[in-house]
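Take a look at the structure set out below.
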Amino acid sequence: MRTFVALEIPDWYAGEVADFVRSFGPTVEGRFTPPENYHVTLAFLGNTPEPAVRQVMDVLDELVRIATPATLTPEGLGTFGRPHDCTLWLGFQRTDELDDLAHDLRERLGVRGIPFDRKPFVPHLTLARRVQLPEGALPATGFPGRCRTARVTLYKSTLQPEGAAYQPLYTVELPDLPR
């Protein structure tokens, strides 16, 4: 099964991000991510055999003992791909808590031999895919505020013609403990 581990976005914050996306109006065309699919990927695992899924759950249980919630502070828009067919995302400021969380997760996955995409961690939330960007700058005003998030979830991703469907398989809540 195709899986990834991500920070969940609180519902209230997903609403703020959706309002921000609506500010693009008709200037941006693409397949927009529904707010219920907003997340910040910490590690993309890809096709994961069933025995490894249990190991990933064990890793998440370990994170509860060493990681703390993360603050997401928007810092700009970015893209992956070509301007006429790209993925548009909202980037978040790098912080020690975000970087440590992604590093600790990936390190523990690696120790167990669980494969994951080793591209550098870029804290972002995907806003749209198959985007055709307009000439010049995007009308990106009124970025959403900051949010604190503590839920880390292992998701199953099922690709469908209208986009991916995400099913939570296992979730942990990170405690607000001093490091």
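Residue names in the structure tokens use chain letters A, B, ... in the order shown, residue numbers from 1 in each chain, and ligand numbers from 1 in the order shown.
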
Q. Leaving out segment 97-106 of chain A and any residue of its chain fewer than 6 positions from it, which residues lie within 8 Å of it when counting only C-alpha atoms, given as a list in words?
A.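 Surrounding residues, per the criterion: Leu42, Ala43, Val59, Leu60, Leu63, Ala67, Thr68, Pro69, Ala70, Thr71, Phe116, Phe121 and Pro123 of chain A.
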
Could those selected residues go to a file with all heavy atoms, as a compact mmCIF listing (two decimals), in the first residue's frame?
# COMPACT_ATOMS: atom_id res chain seq x y z
N LEU A 42 6.08 14.64 6.30
CA LEU A 42 7.36 14.50 6.99
C LEU A 42 8.22 13.45 6.29
O LEU A 42 9.45 13.58 6.24
CB LEU A 42 7.14 14.11 8.44
CG LEU A 42 6.37 15.13 9.28
CD1 LEU A 42 5.98 14.53 10.63
CD2 LEU A 42 7.19 16.40 9.47
N ALA A 43 7.58 12.40 5.77
CA ALA A 43 8.31 11.35 5.05
C ALA A 43 7.33 10.63 4.13
O ALA A 43 6.28 10.16 4.57
CB ALA A 43 8.95 10.35 6.01
N VAL A 59 7.44 3.42 15.23
CA VAL A 59 8.25 4.64 15.13
C VAL A 59 7.44 5.84 15.63
O VAL A 59 7.95 6.67 16.39
CB VAL A 59 8.74 4.87 13.69
CG1 VAL A 59 9.31 6.27 13.51
CG2 VAL A 59 9.79 3.82 13.31
N LEU A 60 6.18 5.93 15.24
CA LEU A 60 5.34 7.04 15.69
C LEU A 60 5.18 7.00 17.21
O LEU A 60 5.19 8.05 17.87
CB LEU A 60 3.99 7.03 15.00
CG LEU A 60 4.01 7.25 13.49
CD1 LEU A 60 2.58 7.38 12.94
CD2 LEU A 60 4.82 8.46 13.09
N LEU A 63 8.16 8.59 18.67
CA LEU A 63 8.18 10.05 18.52
C LEU A 63 7.49 10.74 19.68
O LEU A 63 7.88 11.84 20.08
CB LEU A 63 7.53 10.47 17.20
CG LEU A 63 8.32 10.27 15.93
CD1 LEU A 63 7.53 10.78 14.73
CD2 LEU A 63 9.67 10.95 15.99
N ALA A 67 9.54 13.95 20.69
CA ALA A 67 9.21 15.10 19.84
C ALA A 67 8.17 15.99 20.51
O ALA A 67 7.45 15.56 21.42
CB ALA A 67 8.70 14.63 18.48
N THR A 68 8.11 17.22 20.05
CA THR A 68 7.12 18.18 20.55
C THR A 68 6.29 18.70 19.38
O THR A 68 6.70 18.57 18.22
CB THR A 68 7.81 19.36 21.26
OG1 THR A 68 8.70 20.00 20.34
CG2 THR A 68 8.59 18.90 22.48
N PRO A 69 5.14 19.32 19.67
CA PRO A 69 4.34 19.91 18.60
C PRO A 69 5.15 20.94 17.81
O PRO A 69 6.15 21.46 18.30
CB PRO A 69 3.18 20.57 19.34
CG PRO A 69 3.08 19.82 20.62
CD PRO A 69 4.50 19.45 20.98
N ALA A 70 4.72 21.20 16.61
CA ALA A 70 5.43 22.13 15.73
C ALA A 70 4.55 23.33 15.41
O ALA A 70 3.32 23.22 15.31
CB ALA A 70 5.82 21.42 14.43
N THR A 71 5.19 24.47 15.26
CA THR A 71 4.50 25.69 14.84
C THR A 71 4.73 25.87 13.34
O THR A 71 5.86 25.79 12.87
CB THR A 71 5.03 26.91 15.61
OG1 THR A 71 4.80 26.70 17.01
CG2 THR A 71 4.32 28.19 15.16
N PHE A 116 12.12 5.20 2.37
CA PHE A 116 11.34 6.42 2.22
C PHE A 116 12.07 7.32 1.23
O PHE A 116 13.26 7.12 0.95
CB PHE A 116 11.12 7.13 3.57
CG PHE A 116 12.39 7.54 4.26
CD1 PHE A 116 12.92 8.81 4.06
CD2 PHE A 116 13.06 6.67 5.10
CE1 PHE A 116 14.10 9.20 4.69
CE2 PHE A 116 14.24 7.05 5.74
CZ PHE A 116 14.76 8.31 5.53
N PHE A 121 13.87 17.50 3.37
CA PHE A 121 12.59 17.93 3.93
C PHE A 121 12.36 19.40 3.60
O PHE A 121 13.18 20.26 3.89
CB PHE A 121 12.60 17.71 5.45
CG PHE A 121 11.41 18.27 6.16
CD1 PHE A 121 10.13 17.83 5.87
CD2 PHE A 121 11.56 19.24 7.14
CE1 PHE A 121 9.02 18.35 6.53
CE2 PHE A 121 10.47 19.76 7.81
CZ PHE A 121 9.20 19.30 7.51
N PRO A 123 9.30 21.93 4.40
CA PRO A 123 7.99 22.04 5.05
C PRO A 123 7.02 22.84 4.19
O PRO A 123 7.22 24.04 3.97
CB PRO A 123 8.29 22.73 6.38
CG PRO A 123 9.62 23.37 6.21
CD PRO A 123 10.35 22.65 5.12

Q | His84 of chain A environment, 12 Å, only C-alpha atoms, sequence neighbours closer than 6 positions dropped, as an NGL selection string | A | :A and (28-30 or 129-135)

Keeping only N, CA and C atoms, write the selected residues as a PDB file, in the first residue's frame.
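Generated output (out-v5.pdb):
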ATOM      1  N   VAL A  28      -5.445  31.572 -11.225  1.00  0.00           N
ATOM      2  CA  VAL A  28      -4.686  30.323 -11.148  1.00  0.00           C
ATOM      3  C   VAL A  28      -5.614  29.174 -11.516  1.00  0.00           C
ATOM      4  N   GLU A  29      -5.191  28.390 -12.507  1.00  0.00           N
ATOM      5  CA  GLU A  29      -5.977  27.223 -12.913  1.00  0.00           C
ATOM      6  C   GLU A  29      -5.223  25.968 -12.522  1.00  0.00           C
ATOM      7  N   GLY A  30      -5.952  24.976 -12.027  1.00  0.00           N
ATOM      8  CA  GLY A  30      -5.336  23.715 -11.654  1.00  0.00           C
ATOM      9  C   GLY A  30      -6.308  22.862 -10.861  1.00  0.00           C
ATOM     10  N   ARG A 129      -2.361  20.983  -7.845  1.00  0.00           N
ATOM     11  CA  ARG A 129      -1.520  20.253  -8.796  1.00  0.00           C
ATOM     12  C   ARG A 129      -1.992  20.592 -10.212  1.00  0.00           C
ATOM     13  N   ARG A 130      -1.122  20.288 -11.181  1.00  0.00           N
ATOM     14  CA  ARG A 130      -1.434  20.555 -12.593  1.00  0.00           C
ATOM     15  C   ARG A 130      -1.791  22.026 -12.805  1.00  0.00           C
ATOM     16  N   VAL A 131      -1.054  22.884 -12.134  1.00  0.00           N
ATOM     17  CA  VAL A 131      -1.325  24.326 -12.146  1.00  0.00           C
ATOM     18  C   VAL A 131      -0.684  24.976 -13.363  1.00  0.00           C
ATOM     19  N   GLN A 132      -1.418  25.909 -13.931  1.00  0.00           N
ATOM     20  CA  GLN A 132      -0.888  26.776 -14.975  1.00  0.00           C
ATOM     21  C   GLN A 132      -0.790  28.161 -14.360  1.00  0.00           C
ATOM     22  N   LEU A 133       0.446  28.595 -14.123  1.00  0.00           N
ATOM     23  CA  LEU A 133       0.655  29.879 -13.461  1.00  0.00           C
ATOM     24  C   LEU A 133       0.480  31.031 -14.445  1.00  0.00           C
ATOM     25  N   PRO A 134      -0.102  32.130 -13.989  1.00  0.00           N
ATOM     26  CA  PRO A 134      -0.238  33.300 -14.854  1.00  0.00           C
ATOM     27  C   PRO A 134       1.114  33.993 -15.004  1.00  0.00           C
ATOM     28  N   GLU A 135       1.223  34.838 -16.013  1.00  0.00           N
ATOM     29  CA  GLU A 135       2.425  35.656 -16.177  1.00  0.00           C
ATOM     30  C   GLU A 135       2.530  36.600 -14.984  1.00  0.00           C
TER      31      GLU A 135
END

Q. Got a sec to tell me which of chain A DSSP assigns to alpha helix (DSSP H), as an NGL selection string?
A. :A and (11-22 or 50-66 or 96-111)

Q.
One decimal, in Å: what's the spacing between atom CA of Ala6 of chain A and atom CA of Arg54 of chain A?
A.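 Taking atom CA of Ala6 of chain A as the start and atom CA of Arg54 of chain A as the end point, the length is 16.3 Å.
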
Q: Name the residues of chain A that come out as strand (DSSP E) in a backbone DSSP run; write them as a PyMOL selection string.
A: chain A and resi 2-8+29-32+39-47+70-72+74-82+85-92+124-132+147-149+151-160+163-173

**Q.** Close residues, Val21 of chain A itself excluded, 9 Å, only C-alpha atoms, min 4 positions apart in chain, as a VMD selection string
**A.** chain A and resid 16 to 17 25 32 127 140

Can I get the selected residues back with N, CA, C and O atoms, as a PDB file, in the first residue's frame?
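The new file result.pdb reads:
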ATOM      1  N   GLU A  16      -8.598  28.588   7.104  1.00  0.00           N
ATOM      2  CA  GLU A  16      -7.823  29.794   6.785  1.00  0.00           C
ATOM      3  C   GLU A  16      -7.049  29.625   5.482  1.00  0.00           C
ATOM      4  O   GLU A  16      -6.973  30.542   4.661  1.00  0.00           O
ATOM      5  N   VAL A  17      -6.457  28.448   5.297  1.00  0.00           N
ATOM      6  CA  VAL A  17      -5.695  28.187   4.069  1.00  0.00           C
ATOM      7  C   VAL A  17      -6.637  28.189   2.871  1.00  0.00           C
ATOM      8  O   VAL A  17      -6.323  28.759   1.817  1.00  0.00           O
ATOM      9  N   GLY A  25      -8.554  33.666  -6.944  1.00  0.00           N
ATOM     10  CA  GLY A  25      -9.619  33.882  -7.923  1.00  0.00           C
ATOM     11  C   GLY A  25      -9.378  33.096  -9.198  1.00  0.00           C
ATOM     12  O   GLY A  25      -8.834  31.997  -9.174  1.00  0.00           O
ATOM     13  N   PHE A  32      -7.181  21.875  -7.426  1.00  0.00           N
ATOM     14  CA  PHE A  32      -6.927  22.330  -6.070  1.00  0.00           C
ATOM     15  C   PHE A  32      -7.147  21.228  -5.053  1.00  0.00           C
ATOM     16  O   PHE A  32      -8.061  20.411  -5.173  1.00  0.00           O
ATOM     17  N   LEU A 127      -1.152  23.102  -2.310  1.00  0.00           N
ATOM     18  CA  LEU A 127      -2.399  23.824  -2.561  1.00  0.00           C
ATOM     19  C   LEU A 127      -3.096  23.333  -3.826  1.00  0.00           C
ATOM     20  O   LEU A 127      -4.324  23.273  -3.873  1.00  0.00           O
ATOM     21  N   ALA A 140      -0.932  36.833  -4.201  1.00  0.00           N
ATOM     22  CA  ALA A 140      -0.901  36.177  -2.893  1.00  0.00           C
ATOM     23  C   ALA A 140      -0.817  37.208  -1.780  1.00  0.00           C
ATOM     24  O   ALA A 140       0.257  37.655  -1.409  1.00  0.00           O
TER      25      ALA A 140
END

Q | Residues near Thr153 of chain A, cut-off 7 Å, only C-alpha atoms, skip fewer than 4 positions along chain, as a list in words | A | Val5, Ala6, Leu7, Glu8, Pro168, Tyr170, Thr171 and Val172 of chain A

(Q) Considering only C-alpha atoms, can you say which of A:Ala128, A:Ile114, A:Ala150, A:Leu159 comes closest to Pro51 of chain A? (A)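 Of A:Ala128, A:Ile114, A:Ala150, A:Leu159, the one nearest Pro51 of chain A, counting only C-alpha atoms, is A:Ile114.
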
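Minimum atom-to-atom distance to Gly163 of chain A, evaluated using only C-alpha atoms, belongs to A:Pro34 out of A:Pro34, A:Arg146, A:Asp19, A:Ala14.
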
(Q) I'd like to know which of A:Asp96, A:Asp58, A:Asp117, A:Glu107 is closest to Phe44 of chain A, using only C-alpha atoms. (A)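 Using only C-alpha atoms, the shortest distance to Phe44 of chain A belongs to A:Asp117.
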